[in-house]
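Chemist: Shown below is the structure under consideration.
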Protein chains: 2
Amino acid sequence: MIIGAVEAGGTKFVCGIGNEKGEVFERISFPTEQPEKTLAQVVEYFRDKQIESLGIGSFGPINIDRSSPQYGNVTTTPKPGWSNFPVLTELKKSIDVPIGWDTDVNAAALGEATWGAAQGSDSCLYYTIGTGVGVGVYAEGRMVHGLVHPEGGHVLTRRHPDDTYGGKCPYHGDCLEGMAAGPAIEARWKVKGSELPVDHPAWEMEAFYIGEALISAILLLSPKKIILGGGVMHQMQLFPLIRDHVRNGLKGYVASSALEEGGIDNYIVPPGLGDNAGLCGSIALGLRAYEESQQR
Amino acid sequence: MIIGAVEAGGTKFVCGIGNEKGEVFERISFPTEQPEKTLAQVVEYFRDKQIESLGIGSFGPINIDRSSPQYGNVTTTPKPGWSNFPVLTELKKSIDVPIGWDTDVNAAALGEATWGAAQGSDSCLYYTIGTGVGVGVYAEGRMVHGLVHPEGGHVLTRRHPDDTYGGKCPYHGDCLEGMAAGPAIEARWKVKGSELPVDHPAWEMEAFYIGEALISAILLLSPKKIILGGGVMHQMQLFPLIRDHVRNGLKGYVASSALEEGGIDNYIVPPGLGDNAGLCGSIALGLRAYEESQQR
């Protein structure tokens, strides 16, 4: 079957098609402009693709409450034209297949649990750490929505004892995103992270903040796998630093070999789907929407 | 129908019977001793009760992974005789009905979502704050288990700027439980919390720690309701202090009227089932086990 996928980002949209094995056949991308124009490009792309379902992983915040009249809207974004725009309703006017709709990071978590680093598991957390920090939550085989949807990039962590930087988040100052996203690294060290040497103390500090967030996430949610993606995580030297911080911080309290030396190397991992994590996540959303439509 | 319920605590066991409306008909309790003796008392209590199913909410850590050979065991407790004891297997020898098995706090969360403060909701967090801190997680209509089970009482929070107390947790020192459970209050102020006046600065500090944990939990998990029970939360003056701390800390980032002034009074709440929260939770587990047995 052919499944359509949209990665709806604040900067660019990626559209593609793939199949129920998570294979990606083709992809295109275009900049995010006014919603009418951008969504017309989405509709145009899929016009002759004969998709049987579609998945959309979107930048947020979005409304993912199926019982709400605003289901399918982007909600409170500062992005011109997109605030309260009914994305899903607009696309449904032209695309008559089952459509799955969720946050980009929930989609990525689902994709990784379907074909990637958490393949076959009913539980994982997906972090993207780049210009911002986002967290997708997949638990007991379901994407977690709750009241709005997870916004775990903004959890409050302790401060590194040697860090005098005040934090970059316009809401919370020194939350996880405010201390650990790419712009915070650049503001703290006066140089882009990609230009810092791999043995620079910046990375130990970065691992501290990510590790603190992961310790509390493990304790609260007990995920079976934690996947760390995004531009900052291309700095592969971070992985062993983060794993050490988490293991040392948990102090053996959660009794699982997955969290011990050896096990943790397969517990806190990069995306198994690599650069296709986002698009495959949307394919997985589309697949799930198709399966749900068959059960009705 | 008659549903049996067991609140298996480290200090005492409570057994009772109730029905599918969450009504409790009777209850007894006895001290927790060696497992063989205590479980024999459980079996004896239910012998003539004609229960159709049973729910057990247990102290932990416990194994709740149905695919594990150790499913139904208490695992790494320091309590003499209980470490690795196969509680569920032992009870099944004598009690031939469907049995639900989960952590005491997951059971309480389910009970509150079934008949209590989160009635009808598919999502809530249940905190018990007493001699320790435990957290039950109910999301998308399911108790969250994951790798082991949630241990959210031990999340790492920031320190209150005026607090010089080092923390009581033997594992993590100044984690939530180490700073906010009853023994921490007593160690910090040299007097039991129940003897401190309601306007004592201890309560603002207590609300700080609980509030910090809730802010991060809301951001990571987006629960639809947060229920705070346990002995410490009998100090009702804590509720407005905690709500203020959470609302101020979120800074309007999560756009939901439930988190705004007015809404939050119905969002962070005491258990709707009061002193029956634990036993009703176990009844809810038993009811769910019965329903699952009917679907097979």
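Each chain in the structure tokens gets a letter, A, B and so on, in the order shown; residues start at 1 in every chain, and ligands are counted from 1 in the order they appear.
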With 7 Å as the cut-off and only C-alpha atoms counted, what is the closest atom pair between each nearby residue of chain A and chain B? Distances in Å to one decimal, ordered by chain and number, as CSV.
Modeler:
residue,atom,partner,partner_atom,distance
A:Ser123,CA,B:Gly146,CA,6.1
A:Ala139,CA,B:Val144,CA,6.7
A:Glu140,CA,B:Val144,CA,6.3
A:Val144,CA,B:Glu140,CA,6.3
A:His145,CA,B:Ser222,CA,6.8
A:Gly146,CA,B:Pro223,CA,5.0
A:Leu147,CA,B:Lys224,CA,4.7
A:Val148,CA,B:Ser222,CA,6.2
A:His149,CA,B:Ser222,CA,5.6
A:Pro150,CA,B:Leu220,CA,5.0
A:Glu151,CA,B:Leu219,CA,4.8
A:Gly152,CA,B:Leu220,CA,4.0
A:His154,CA,B:Leu219,CA,6.5
A:Val155,CA,B:Ser216,CA,4.6
A:Leu156,CA,B:Ser216,CA,5.9
A:Thr157,CA,B:Arg158,CA,6.8
A:Arg158,CA,B:Arg158,CA,5.2
A:Tyr171,CA,B:Lys251,CA,6.2
A:Ser216,CA,B:Val155,CA,4.6
A:Leu219,CA,B:Glu151,CA,4.8
A:Leu220,CA,B:Gly152,CA,4.0
A:Leu221,CA,B:Pro150,CA,5.1
A:Ser222,CA,B:Gly146,CA,5.0
A:Pro223,CA,B:Gly146,CA,5.0
A:Lys224,CA,B:Leu147,CA,4.7
A:Lys251,CA,B:Tyr171,CA,6.3
A:Tyr253,CA,B:Tyr171,CA,6.7
Chemist: Please dump the current selection as an mmCIF file, in the first residue's frame; keep N, CA and C atoms.
Modeler:
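Written output follows (out-v4.cif):
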data_model
loop_
_atom_site.group_PDB
_atom_site.id
_atom_site.type_symbol
_atom_site.label_atom_id
_atom_site.label_comp_id
_atom_site.auth_asym_id
_atom_site.auth_seq_id
_atom_site.Cartn_x
_atom_site.Cartn_y
_atom_site.Cartn_z
ATOM 1 N N SER A 123 6.574 1.078 24.150
ATOM 2 C CA SER A 123 6.939 2.182 25.037
ATOM 3 C C SER A 123 8.265 2.804 24.645
ATOM 4 N N ALA A 139 3.435 5.246 25.187
ATOM 5 C CA ALA A 139 3.355 4.417 26.400
ATOM 6 C C ALA A 139 2.216 3.427 26.260
ATOM 7 N N GLU A 140 2.474 2.185 26.633
ATOM 8 C CA GLU A 140 1.450 1.135 26.582
ATOM 9 C C GLU A 140 0.805 1.069 25.190
ATOM 10 N N VAL A 144 0.792 9.428 23.866
ATOM 11 C CA VAL A 144 0.179 10.117 24.996
ATOM 12 C C VAL A 144 -0.243 11.522 24.582
ATOM 13 N N HIS A 145 -1.518 11.844 24.787
ATOM 14 C CA HIS A 145 -2.054 13.174 24.516
ATOM 15 C C HIS A 145 -2.376 13.884 25.828
ATOM 16 N N GLY A 146 -3.319 13.336 26.583
ATOM 17 C CA GLY A 146 -3.706 13.950 27.852
ATOM 18 C C GLY A 146 -4.408 15.271 27.636
ATOM 19 N N LEU A 147 -4.090 16.229 28.497
ATOM 20 C CA LEU A 147 -4.779 17.515 28.519
ATOM 21 C C LEU A 147 -4.571 18.290 27.221
ATOM 22 N N VAL A 148 -3.340 18.379 26.756
ATOM 23 C CA VAL A 148 -3.008 19.079 25.501
ATOM 24 C C VAL A 148 -2.131 18.121 24.692
ATOM 25 N N HIS A 149 -0.861 18.122 24.953
ATOM 26 C CA HIS A 149 0.063 17.071 24.538
ATOM 27 C C HIS A 149 1.367 17.323 25.273
ATOM 28 N N PRO A 150 2.229 16.308 25.364
ATOM 29 C CA PRO A 150 3.479 16.519 26.086
ATOM 30 C C PRO A 150 4.274 17.708 25.526
ATOM 31 N N GLU A 151 4.874 18.451 26.426
ATOM 32 C CA GLU A 151 5.775 19.568 26.095
ATOM 33 C C GLU A 151 7.040 19.402 26.928
ATOM 34 N N GLY A 152 7.571 18.177 26.888
ATOM 35 C CA GLY A 152 8.647 17.814 27.799
ATOM 36 C C GLY A 152 9.967 18.515 27.555
ATOM 37 N N HIS A 154 10.354 21.512 28.038
ATOM 38 C CA HIS A 154 10.398 22.630 28.973
ATOM 39 C C HIS A 154 10.428 22.209 30.436
ATOM 40 N N VAL A 155 10.702 20.918 30.707
ATOM 41 C CA VAL A 155 10.799 20.506 32.113
ATOM 42 C C VAL A 155 11.893 21.302 32.814
ATOM 43 N N LEU A 156 11.734 21.415 34.134
ATOM 44 C CA LEU A 156 12.697 22.167 34.929
ATOM 45 C C LEU A 156 13.785 21.225 35.429
ATOM 46 N N THR A 157 15.033 21.551 35.145
ATOM 47 C CA THR A 157 16.133 20.730 35.652
ATOM 48 C C THR A 157 16.935 21.546 36.659
ATOM 49 N N ARG A 158 17.747 20.849 37.405
ATOM 50 C CA ARG A 158 18.701 21.539 38.272
ATOM 51 C C ARG A 158 19.754 22.224 37.410
ATOM 52 N N TYR A 171 9.820 31.732 28.033
ATOM 53 C CA TYR A 171 8.819 31.462 29.075
ATOM 54 C C TYR A 171 9.472 31.168 30.423
ATOM 55 N N SER A 216 14.656 12.092 35.657
ATOM 56 C CA SER A 216 13.290 12.300 36.157
ATOM 57 C C SER A 216 12.256 11.661 35.238
ATOM 58 N N LEU A 219 12.171 7.978 36.026
ATOM 59 C CA LEU A 219 11.503 7.719 37.302
ATOM 60 C C LEU A 219 9.999 7.912 37.188
ATOM 61 N N LEU A 220 9.559 8.918 36.449
ATOM 62 C CA LEU A 220 8.119 9.183 36.370
ATOM 63 C C LEU A 220 7.411 8.220 35.428
ATOM 64 N N LEU A 221 8.059 7.848 34.335
ATOM 65 C CA LEU A 221 7.352 7.174 33.238
ATOM 66 C C LEU A 221 7.842 5.763 32.937
ATOM 67 N N SER A 222 9.048 5.441 33.349
ATOM 68 C CA SER A 222 9.594 4.099 33.136
ATOM 69 C C SER A 222 9.565 3.673 31.663
ATOM 70 N N PRO A 223 10.053 4.525 30.754
ATOM 71 C CA PRO A 223 10.022 4.150 29.334
ATOM 72 C C PRO A 223 10.935 2.952 29.056
ATOM 73 N N LYS A 224 10.596 2.184 28.033
ATOM 74 C CA LYS A 224 11.431 1.020 27.695
ATOM 75 C C LYS A 224 12.631 1.394 26.839
ATOM 76 N N LYS A 251 21.415 5.885 40.662
ATOM 77 C CA LYS A 251 22.035 5.199 41.802
ATOM 78 C C LYS A 251 21.459 3.803 42.032
ATOM 79 N N TYR A 253 18.546 2.706 41.769
ATOM 80 C CA TYR A 253 17.232 2.613 42.422
ATOM 81 C C TYR A 253 16.215 1.842 41.590
#
Chemist: Would you list, as a tab-separated table (two decimals) with all heavy atoms, in the first residue's frame, the residues of stretch 178-229 of chain A that end up in strand (DSSP E) under DSSP run on this structure's backbone?
Modeler:
chain	number	residue	atom	x	y	z
A	226	ILE	N	14.83	5.18	25.28
A	226	ILE	CA	14.89	6.63	25.11
A	226	ILE	C	15.72	6.92	23.87
A	226	ILE	O	16.88	6.50	23.77
A	226	ILE	CB	15.49	7.32	26.34
A	226	ILE	CG1	14.56	7.12	27.55
A	226	ILE	CG2	15.68	8.81	26.08
A	226	ILE	CD1	15.07	7.73	28.84
A	227	ILE	N	15.11	7.64	22.94
A	227	ILE	CA	15.75	7.92	21.66
A	227	ILE	C	16.02	9.43	21.61
A	227	ILE	O	15.12	10.24	21.82
A	227	ILE	CB	14.82	7.49	20.51
A	227	ILE	CG1	14.61	5.97	20.59
A	227	ILE	CG2	15.39	7.92	19.16
A	227	ILE	CD1	13.31	5.50	20.00
A	228	LEU	N	17.28	9.78	21.33
A	228	LEU	CA	17.68	11.18	21.30
A	228	LEU	C	18.07	11.57	19.88
A	228	LEU	O	19.08	11.09	19.36
A	228	LEU	CB	18.86	11.40	22.25
A	228	LEU	CG	18.66	10.99	23.71
A	228	LEU	CD1	19.94	11.27	24.51
A	228	LEU	CD2	17.48	11.73	24.34
A	229	GLY	N	17.27	12.42	19.27
A	229	GLY	CA	17.56	12.90	17.93
A	229	GLY	C	17.67	14.42	17.90
A	229	GLY	O	17.66	15.09	18.92
Chemist: Could you work out how far atom CA of A:Leu196 lies from atom CA of A:Gly178, giving the answer in Å with one decimal?
Modeler: 19.0 Å
Chemist: Any chance you could list, as a ChimeraX atom specification, the residues in stretch 159-249 of chain B that come up alpha helix (DSSP H) when DSSP is run on the backbone?
Modeler: /B:176-180,182-189,201-221,238-249
Chemist: Which is closest to B:Gly263 among B:Arg247, B:Lys79, B:Ala284, B:Gly120, if we use only C-alpha atoms?
Modeler: B:Arg247
Chemist: Any idea what the distance is between atom CA of A:Thr89 and atom CA of A:Val6?
Modeler: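 Those two atoms sit 14.9 Å apart.
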Chemist: Which of these, A:Gly55, A:Gly10, A:Gly22, A:Pro271, has the shortest distance to A:Val74 once you count only C-alpha atoms?
Modeler: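 Ranking A:Gly55, A:Gly10, A:Gly22, A:Pro271 by distance to A:Val74, first place goes to A:Gly10.
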Chemist: In Å, rounded to a single decimal, give me how far atom CA of B:Glu177 is from atom CA of B:Asp265.
Modeler: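 Rounded to one decimal, the two atoms are 24.1 Å apart.
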Chemist: Using only C-alpha atoms for the distances, tell me which of B:Glu260, B:Glu186, B:Met205, B:Ala107 is nearest to B:His160.
Modeler: B:Met205
Chemist: Considering only C-alpha atoms, state which residue in the set A:Leu91, A:Leu273, A:Ile210, A:Ala184 is at the smallest distance from A:His245.
Modeler: A:Ile210
Chemist: Can you tell me which residues surround A:Asp244 at a distance of at most 10 Å, considering only C-alpha atoms, apart from same-chain residues fewer than 6 positions away, and format the answer as a CSV table (one decimal) with N, CA, C and O atoms, in the first residue's frame?
Modeler:
chain,number,residue,atom,x,y,z
A,207,ALA,N,25.5,17.4,28.6
A,207,ALA,CA,25.0,16.0,29.0
A,207,ALA,C,24.4,16.1,30.4
A,207,ALA,O,23.5,15.3,30.7
A,208,PHE,N,24.9,17.0,31.2
A,208,PHE,CA,24.3,17.2,32.5
A,208,PHE,C,22.8,17.5,32.4
A,208,PHE,O,22.0,16.9,33.0
A,211,GLY,N,20.8,14.7,30.8
A,211,GLY,CA,20.8,13.6,31.8
A,211,GLY,C,19.8,13.9,32.9
A,211,GLY,O,19.1,13.0,33.4
A,260,GLU,N,21.7,-0.5,33.7
A,260,GLU,CA,23.1,-0.8,34.2
A,260,GLU,C,24.1,-0.6,33.1
A,260,GLU,O,23.8,-0.5,32.0
A,261,GLU,N,25.4,-0.7,33.6
A,261,GLU,CA,26.5,-0.6,32.6
A,261,GLU,C,26.3,-1.7,31.6
A,261,GLU,O,26.0,-2.8,32.0
A,264,ILE,N,22.7,0.1,29.3
A,264,ILE,CA,22.2,1.5,29.1
A,264,ILE,C,22.7,1.9,27.7
A,264,ILE,O,22.1,2.8,27.1
A,265,ASP,N,23.7,1.3,27.1
A,265,ASP,CA,24.2,1.6,25.8
A,265,ASP,C,23.1,1.3,24.7
A,265,ASP,O,23.1,1.9,23.6
Chemist: For each of A:Pro78, A:Gly231, A:Ser282, A:Gly272, take the minimum atom-to-atom distance to A:Thr128, counting only C-alpha atoms, then give the residue where this is smallest.
Modeler: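 Among A:Pro78, A:Gly231, A:Ser282, A:Gly272, it is A:Gly231 that comes nearest to A:Thr128.
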Chemist: Extract, using only C-alpha atoms, all DNA, RNA and protein residues at most 6 Å from A:Asn63, discarding same-chain residues fewer than 4 positions from it, and format them as a list in words.
Modeler: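 So, after excluding close chain neighbours, the residues are Tyr71, Gly72 and Asn73 of chain A.
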Chemist: Counting only C-alpha atoms, which residue out of B:Asn248, B:Gln119, B:Thr164, B:Asn19 sits closest to B:Ser53?
Modeler: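 Using only C-alpha atoms, the shortest distance to B:Ser53 belongs to B:Asn19.
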Chemist: For B:Glu90, please output as a list in words all residues within 12 Å (counting only C-alpha atoms; exclusion window: fewer than 2 positions along the same chain).
Modeler: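 So the residues in contact are Pro35, Glu36, Lys37, Thr38, Leu39, Ala40, Val42, Val43, Tyr71, Gly72, Asn73, Val74, Phe85, Pro86, Val87, Leu88, Lys92, Lys93, Ser94, Ile95 and Asp96 of chain B.
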